[in-house]
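Student: upload-v4.pdb is the file, holding PDB, C-alpha atoms, pLDDT in the B column:
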ATOM      1  CA  MET U   1       9.749 -42.303 -16.041  1.00 78.00           C
ATOM      2  CA  LYS U   2       7.462 -40.334 -18.353  1.00 88.00           C
ATOM      3  CA  VAL U   3       6.035 -41.467 -21.707  1.00 89.00           C
ATOM      4  CA  LYS U   4       7.745 -38.497 -23.390  1.00 92.00           C
ATOM      5  CA  GLU U   5      11.120 -39.999 -22.456  1.00 88.00           C
ATOM      6  CA  ILE U   6      10.580 -43.191 -24.474  1.00 85.00           C
ATOM      7  CA  MET U   7       8.019 -42.334 -27.169  1.00 89.00           C
ATOM      8  CA  THR U   8       8.836 -42.133 -30.858  1.00 90.00           C
ATOM      9  CA  PRO U   9       8.279 -38.557 -32.035  1.00 91.00           C
ATOM     10  CA  HIS U  10       7.448 -37.493 -35.595  1.00 92.00           C
ATOM     11  CA  VAL U  11       4.569 -39.924 -36.067  1.00 93.00           C
ATOM     12  CA  LYS U  12       3.324 -40.807 -39.529  1.00 95.00           C
ATOM     13  CA  THR U  13      -0.341 -39.915 -39.965  1.00 95.00           C
ATOM     14  CA  ILE U  14      -2.941 -40.500 -42.645  1.00 96.00           C
ATOM     15  CA  ASP U  15      -6.225 -38.788 -43.392  1.00 95.00           C
ATOM     16  CA  GLU U  16      -9.309 -40.878 -42.669  1.00 94.00           C
ATOM     17  CA  SER U  17     -10.434 -40.516 -46.277  1.00 94.00           C
ATOM     18  CA  SER U  18      -7.254 -42.172 -47.595  1.00 93.00           C
ATOM     19  CA  THR U  19      -7.445 -45.697 -48.949  1.00 87.00           C
ATOM     20  CA  ALA U  20      -6.157 -48.859 -47.361  1.00 83.00           C
ATOM     21  CA  SER U  21      -3.803 -49.226 -50.299  1.00 82.00           C
ATOM     22  CA  GLU U  22      -2.303 -45.792 -49.626  1.00 90.00           C
ATOM     23  CA  ALA U  23      -1.943 -46.677 -45.947  1.00 90.00           C
ATOM     24  CA  ALA U  24      -0.198 -49.960 -46.761  1.00 87.00           C
ATOM     25  CA  ASP U  25       2.189 -48.096 -49.065  1.00 90.00           C
ATOM     26  CA  ILE U  26       3.087 -45.569 -46.342  1.00 93.00           C
ATOM     27  CA  MET U  27       3.615 -48.322 -43.752  1.00 92.00           C
ATOM     28  CA  GLY U  28       5.771 -50.316 -46.169  1.00 89.00           C
ATOM     29  CA  GLU U  29       7.843 -47.343 -47.317  1.00 93.00           C
ATOM     30  CA  ASN U  30       8.524 -46.294 -43.725  1.00 93.00           C
ATOM     31  CA  ASN U  31       8.876 -49.790 -42.226  1.00 89.00           C
ATOM     32  CA  ILE U  32       6.286 -49.017 -39.537  1.00 92.00           C
ATOM     33  CA  GLY U  33       3.355 -50.971 -38.116  1.00 91.00           C
ATOM     34  CA  SER U  34       0.817 -48.209 -37.601  1.00 94.00           C
ATOM     35  CA  LEU U  35      -0.463 -44.840 -38.727  1.00 95.00           C
ATOM     36  CA  VAL U  36      -2.411 -42.370 -36.623  1.00 95.00           C
ATOM     37  CA  VAL U  37      -5.597 -41.535 -38.520  1.00 96.00           C
ATOM     38  CA  THR U  38      -6.551 -37.864 -38.612  1.00 95.00           C
ATOM     39  CA  SER U  39      -9.455 -35.727 -39.753  1.00 94.00           C
ATOM     40  CA  TYR U  40      -9.934 -31.983 -39.877  1.00 91.00           C
ATOM     41  CA  SER U  41     -10.459 -32.049 -36.086  1.00 87.00           C
ATOM     42  CA  GLY U  42      -7.258 -33.929 -35.232  1.00 92.00           C
ATOM     43  CA  PRO U  43      -6.485 -37.582 -34.419  1.00 95.00           C
ATOM     44  CA  VAL U  44      -9.501 -39.910 -34.691  1.00 95.00           C
ATOM     45  CA  GLY U  45      -8.054 -43.435 -34.755  1.00 94.00           C
ATOM     46  CA  ILE U  46      -5.057 -45.643 -35.339  1.00 95.00           C
ATOM     47  CA  LEU U  47      -4.557 -48.019 -38.241  1.00 94.00           C
ATOM     48  CA  THR U  48      -2.363 -50.982 -37.337  1.00 91.00           C
ATOM     49  CA  GLU U  49      -0.988 -53.972 -39.183  1.00 87.00           C
ATOM     50  CA  ARG U  50      -3.606 -56.013 -37.338  1.00 83.00           C
ATOM     51  CA  ASP U  51      -6.421 -53.844 -38.751  1.00 85.00           C
ATOM     52  CA  VAL U  52      -5.082 -54.375 -42.254  1.00 81.00           C
ATOM     53  CA  LEU U  53      -4.692 -58.134 -41.745  1.00 76.00           C
ATOM     54  CA  ASN U  54      -8.179 -58.462 -40.253  1.00 74.00           C
ATOM     55  CA  SER U  55      -9.553 -56.783 -43.360  1.00 75.00           C
ATOM     56  CA  VAL U  56      -7.379 -58.650 -45.878  1.00 65.00           C
ATOM     57  CA  SER U  57     -10.268 -60.417 -47.611  1.00 60.00           C
ATOM     58  CA  LYS U  58     -11.861 -57.056 -48.416  1.00 60.00           C
ATOM     59  CA  ILE U  59      -8.539 -55.427 -49.236  1.00 54.00           C
ATOM     60  CA  VAL U  60      -7.372 -58.023 -51.742  1.00 62.00           C
ATOM     61  CA  SER U  61     -10.144 -57.222 -54.175  1.00 62.00           C
ATOM     62  CA  SER U  62     -10.602 -53.508 -53.556  1.00 64.00           C
ATOM     63  CA  ALA U  63      -7.742 -51.988 -51.561  1.00 60.00           C
ATOM     64  CA  GLY U  64      -7.878 -48.860 -53.673  1.00 67.00           C
ATOM     65  CA  LYS U  65     -11.494 -48.219 -52.668  1.00 74.00           C
ATOM     66  CA  ILE U  66     -11.586 -49.040 -48.943  1.00 77.00           C
ATOM     67  CA  LYS U  67     -11.315 -45.952 -46.760  1.00 83.00           C
ATOM     68  CA  VAL U  68      -8.990 -46.007 -43.765  1.00 84.00           C
ATOM     69  CA  ALA U  69     -11.880 -44.756 -41.607  1.00 88.00           C
ATOM     70  CA  ASN U  70     -13.666 -48.082 -42.253  1.00 85.00           C
ATOM     71  CA  ILE U  71     -10.861 -50.300 -40.953  1.00 83.00           C
ATOM     72  CA  MET U  72      -9.042 -48.231 -38.282  1.00 87.00           C
ATOM     73  CA  SER U  73      -9.129 -49.039 -34.565  1.00 89.00           C
ATOM     74  CA  LYS U  74     -10.681 -46.846 -31.915  1.00 90.00           C
ATOM     75  CA  LEU U  75      -8.296 -44.136 -30.751  1.00 92.00           C
ATOM     76  CA  ILE U  76      -6.854 -44.826 -27.297  1.00 95.00           C
ATOM     77  CA  THR U  77      -4.126 -42.405 -26.258  1.00 95.00           C
ATOM     78  CA  VAL U  78      -1.783 -41.292 -23.512  1.00 95.00           C
ATOM     79  CA  SER U  79      -0.265 -37.939 -22.630  1.00 96.00           C
ATOM     80  CA  PRO U  80       3.489 -37.324 -22.767  1.00 95.00           C
ATOM     81  CA  GLU U  81       3.253 -36.612 -19.015  1.00 95.00           C
ATOM     82  CA  ASN U  82       1.740 -40.015 -18.163  1.00 93.00           C
ATOM     83  CA  GLU U  83       3.973 -42.478 -16.367  1.00 86.00           C
ATOM     84  CA  VAL U  84       5.221 -45.359 -18.517  1.00 86.00           C
ATOM     85  CA  GLY U  85       3.473 -47.748 -16.106  1.00 83.00           C
ATOM     86  CA  THR U  86       0.169 -46.093 -17.001  1.00 88.00           C
ATOM     87  CA  ALA U  87       0.814 -46.658 -20.708  1.00 91.00           C
ATOM     88  CA  LEU U  88       1.710 -50.281 -20.006  1.00 86.00           C
ATOM     89  CA  ARG U  89      -1.471 -50.780 -17.982  1.00 86.00           C
ATOM     90  CA  VAL U  90      -3.629 -49.259 -20.749  1.00 91.00           C
ATOM     91  CA  MET U  91      -1.986 -51.554 -23.308  1.00 91.00           C
ATOM     92  CA  ALA U  92      -2.556 -54.618 -21.139  1.00 86.00           C
ATOM     93  CA  GLU U  93      -6.167 -53.738 -20.318  1.00 89.00           C
ATOM     94  CA  ARG U  94      -7.050 -53.000 -23.950  1.00 90.00           C
ATOM     95  CA  GLY U  95      -4.943 -55.720 -25.601  1.00 88.00           C
ATOM     96  CA  ILE U  96      -3.063 -53.217 -27.758  1.00 91.00           C
ATOM     97  CA  LYS U  97       0.592 -52.620 -28.566  1.00 90.00           C
ATOM     98  CA  LYS U  98       0.688 -49.012 -29.752  1.00 92.00           C
ATOM     99  CA  LEU U  99      -0.527 -45.789 -28.146  1.00 94.00           C
ATOM    100  CA  PRO U 100      -0.502 -42.414 -29.870  1.00 95.00           C
ATOM    101  CA  VAL U 101       0.767 -39.690 -27.543  1.00 96.00           C
ATOM    102  CA  ILE U 102      -1.535 -36.659 -27.673  1.00 95.00           C
ATOM    103  CA  GLN U 103      -0.923 -33.196 -26.266  1.00 95.00           C
ATOM    104  CA  ASN U 104      -3.363 -30.316 -26.740  1.00 95.00           C
ATOM    105  CA  GLY U 105      -5.222 -32.326 -29.398  1.00 93.00           C
ATOM    106  CA  ASN U 106      -2.090 -32.929 -31.478  1.00 94.00           C
ATOM    107  CA  VAL U 107      -0.104 -36.102 -32.100  1.00 94.00           C
ATOM    108  CA  VAL U 108       3.337 -35.577 -30.543  1.00 95.00           C
ATOM    109  CA  GLY U 109       4.572 -39.166 -30.545  1.00 94.00           C
ATOM    110  CA  ILE U 110       3.722 -42.818 -30.307  1.00 95.00           C
ATOM    111  CA  VAL U 111       4.737 -45.306 -27.628  1.00 94.00           C
ATOM    112  CA  THR U 112       4.821 -49.039 -28.331  1.00 91.00           C
ATOM    113  CA  ASP U 113       5.240 -52.162 -26.281  1.00 86.00           C
ATOM    114  CA  THR U 114       8.753 -52.400 -27.737  1.00 85.00           C
ATOM    115  CA  ASP U 115       9.588 -48.871 -26.508  1.00 87.00           C
ATOM    116  CA  ILE U 116       8.480 -49.858 -23.010  1.00 83.00           C
ATOM    117  CA  ILE U 117      10.459 -53.095 -23.015  1.00 78.00           C
ATOM    118  CA  LYS U 118      13.583 -51.270 -24.191  1.00 80.00           C
ATOM    119  CA  SER U 119      13.124 -48.629 -21.473  1.00 78.00           C
ATOM    120  CA  MET U 120      12.983 -51.206 -18.681  1.00 73.00           C
ATOM    121  CA  LYS U 121      16.593 -52.335 -19.090  1.00 70.00           C
ATOM    122  CA  GLY U 122      16.002 -55.625 -17.323  1.00 65.00           C
ATOM    123  CA  LEU U 123      14.413 -56.662 -14.056  1.00 61.00           C
ATOM    124  CA  ASP U 124      15.631 -53.541 -12.258  1.00 67.00           C
ATOM    125  CA  GLY U 125      13.651 -51.322 -14.620  1.00 71.00           C
ATOM    126  CA  LEU U 126      10.570 -53.515 -14.494  1.00 71.00           C
ATOM    127  CA  LEU U 127      10.553 -53.571 -10.698  1.00 73.00           C
ATOM    128  CA  SER U 128      11.121 -49.816 -10.544  1.00 75.00           C
ATOM    129  CA  MET U 129       8.188 -49.249 -12.874  1.00 74.00           C
ATOM    130  CA  LEU U 130       6.014 -51.644 -10.884  1.00 76.00           C
ATOM    131  CA  PHE U 131       6.974 -49.961  -7.615  1.00 76.00           C
ATOM    132  CA  ASP U 132       6.347 -46.463  -9.031  1.00 79.00           C
ATOM    133  CA  GLU U 133       2.910 -47.449 -10.302  1.00 76.00           C
ATOM    134  CA  THR U 134       2.020 -49.144  -6.984  1.00 79.00           C
ATOM    135  CA  GLU U 135       3.218 -46.060  -5.119  1.00 79.00           C
ATOM    136  CA  ARG U 136       1.137 -43.814  -7.372  1.00 76.00           C
ATOM    137  CA  LEU U 137      -2.000 -45.894  -6.832  1.00 76.00           C
ATOM    138  CA  MET U 138      -1.616 -46.700  -3.134  1.00 79.00           C
ATOM    139  CA  GLY U 139       0.685 -44.091  -1.676  1.00 81.00           C
ATOM    140  CA  LYS U 140       4.317 -44.338  -0.643  1.00 79.00           C
ATOM    141  CA  GLN U 141       3.850 -46.107   2.694  1.00 81.00           C
ATOM    142  CA  ALA U 142       1.289 -48.641   1.430  1.00 80.00           C
ATOM    143  CA  ALA U 143       3.476 -49.491  -1.576  1.00 75.00           C
ATOM    144  CA  ALA U 144       6.498 -49.963   0.671  1.00 78.00           C
ATOM    145  CA  ASN U 145       4.445 -52.283   2.912  1.00 79.00           C
ATOM    146  CA  VAL U 146       3.342 -54.412  -0.044  1.00 77.00           C
ATOM    147  CA  PHE U 147       6.883 -54.826  -1.325  1.00 75.00           C
ATOM    148  CA  ARG U 148       8.306 -55.339   2.170  1.00 76.00           C
ATOM    149  CA  LYS U 149       5.833 -58.176   2.837  1.00 77.00           C
ATOM    150  CA  ALA U 150       6.658 -59.788  -0.490  1.00 75.00           C
ATOM    151  CA  TYR U 151      10.399 -59.511   0.236  1.00 74.00           C
ATOM    152  CA  GLU U 152       9.955 -61.003   3.711  1.00 77.00           C
ATOM    153  CA  THR U 153       8.186 -64.080   2.329  1.00 79.00           C
ATOM    154  CA  ILE U 154      11.341 -65.374   0.671  1.00 75.00           C
ATOM    155  CA  SER U 155      14.145 -67.116   2.495  1.00 78.00           C
ATOM    156  CA  PRO U 156      17.292 -65.242   3.621  1.00 78.00           C
ATOM    157  CA  GLU U 157      19.326 -67.205   1.057  1.00 79.00           C
ATOM    158  CA  GLU U 158      16.983 -66.157  -1.750  1.00 75.00           C
ATOM    159  CA  ARG U 159      17.042 -62.557  -0.515  1.00 72.00           C
ATOM    160  CA  SER U 160      20.825 -62.413  -0.693  1.00 75.00           C
ATOM    161  CA  SER U 161      20.826 -63.947  -4.178  1.00 72.00           C
ATOM    162  CA  ILE U 162      18.332 -61.429  -5.618  1.00 70.00           C
ATOM    163  CA  LYS U 163      19.250 -58.326  -3.609  1.00 70.00           C
ATOM    164  CA  HIS U 164      21.678 -57.109  -6.280  1.00 70.00           C
ATOM    165  CA  LEU U 165      18.869 -57.291  -8.881  1.00 67.00           C
ATOM    166  CA  LEU U 166      16.534 -54.959  -6.996  1.00 70.00           C
ATOM    167  CA  PRO U 167      16.539 -51.221  -7.625  1.00 70.00           C
ATOM    168  CA  PRO U 168      18.092 -49.169  -4.783  1.00 75.00           C
ATOM    169  CA  LYS U 169      14.915 -47.069  -4.508  1.00 72.00           C
ATOM    170  CA  LEU U 170      12.896 -50.210  -3.804  1.00 72.00           C
ATOM    171  CA  LEU U 171      15.408 -51.580  -1.294  1.00 74.00           C
ATOM    172  CA  GLU U 172      15.522 -48.258   0.520  1.00 75.00           C
ATOM    173  CA  SER U 173      11.724 -47.964   0.689  1.00 74.00           C
ATOM    174  CA  ILE U 174      11.351 -51.400   2.282  1.00 72.00           C
ATOM    175  CA  GLY U 175      14.159 -50.796   4.759  1.00 72.00           C
ATOM    176  CA  VAL U 176      16.822 -53.030   3.239  1.00 70.00           C
ATOM    177  CA  ILE U 177      20.411 -51.786   3.142  1.00 60.00           C
ATOM    178  CA  ALA U 178      21.778 -52.214  -0.374  1.00 52.00           C
TER
END
I'd like the structure from this file rewritten - as structure tokens, please.
Tutor:
Amino acid sequence: MKVKEIMTPHVKTIDESSTASEAADIMGENNIGSLVVTSYSGPVGILTERDVLNSVSKIVSSAGKIKVANIMSKLITVSPENEVGTALRVMAERGIKKLPVIQNGNVVGIVTDTDIIKSMKGLDGLLSMLFDETERLMGKQAAANVFRKAYETISPEERSSIKHLLPPKLLESIGVIA
């Protein structure tokens, strides 16, 4: 599954010279938790609720003077062609929940941890994503071997009780008849 299939398009942006107060107003009016920060050259950062909260002591007294550029987070992005598992891995490694989706230097969407969770549709989706990412990193045969060994470590009774939860693609790759 590709990031473009689950991302939120039409992302709200804010210029880096805007104030924290203006940013808070935009987030509140649109019921969103982040804004992609832009400059004349394109996206340069992301301002999240966490950034605003971490700066609350400064903001309380002078929100109209603090520039977004001074409180935004470093810009970490994905491409719409990246696999969802890649986006999930980047989020986990960086401890973030939102990733702007950039194509040709332009913001084309945003993908959040909530988007990914919704896209999984339960254990089947999670295991499919995990298998796809393992296959991408290790190759088809190596990934099948890893999952086959894991499957073989559980008892026959447990196998029969979870078999219906496993994605057909995974069962087929490890040689189990669905």
Student: Counting all atoms listed in the file, figure out which residue out of U:Leu130, U:Ile116, U:Val3, U:Leu75 gets nearest to Ala143 in chain U.
Tutor: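 Ranked by minimum distance to Ala143 in chain U, first place goes to U:Leu130.
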Student: Name the residues that the PyMOL selection byres ((chain U and resi 131-133) around 8) picks from the file above, as number ranges by chain, using the file's chain letters and numbers.
Tutor: U: 83, 85-86, 127-130, 134-137, 143, 147, 170
Student: Which residues fall under the PyMOL selection byres ((chain U and resi 31-41) around 8) in this file, as a ChimeraX atom specification?
Tutor: /U:11-16,23,27-30,42-49,68-69,72,98,100
Student: Can you tell me, as a list in words, what residues are no more than 12 Å from Gly175 in chain U when counting only C-alpha atoms, ignoring any on the same chain fewer than 6 positions away?
Tutor: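 Everything that qualifies: Gln141, Ala144, Asn145, Phe147, Arg148, Lys149, Tyr151, Glu152, Pro168 and Lys169 of chain U.
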Student: Grab the CA of Glu5 in chain U to CA of Val52 in chain U distance for me, in Å with one decimal place.
Tutor: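 Separating CA of Glu5 in chain U from CA of Val52 in chain U is a distance of 29.3 Å.
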Student: Determine the residue membership of the PyMOL selection byres ((chain U and resi 103-106) around 9) for the file above and supply it as a ChimeraX atom specification.
Tutor: /U:41-43,78-80,101-102,107-108
Student: For a quick check of understanding, using only C-alpha atoms, which of U:Ile6, U:Val176, U:Leu88, U:Ile66 has the smallest distance to Leu126 in chain U?
Tutor: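 Selected residue with least distance to Leu126 in chain U: U:Leu88.
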Student: Considering all atoms listed in the file, can you say which of U:Lys2, U:Arg50, U:Lys140, U:Lys67 comes closest to Ile174 in chain U?
Tutor: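 Result for the nearest residue to Ile174 in chain U: U:Lys140.
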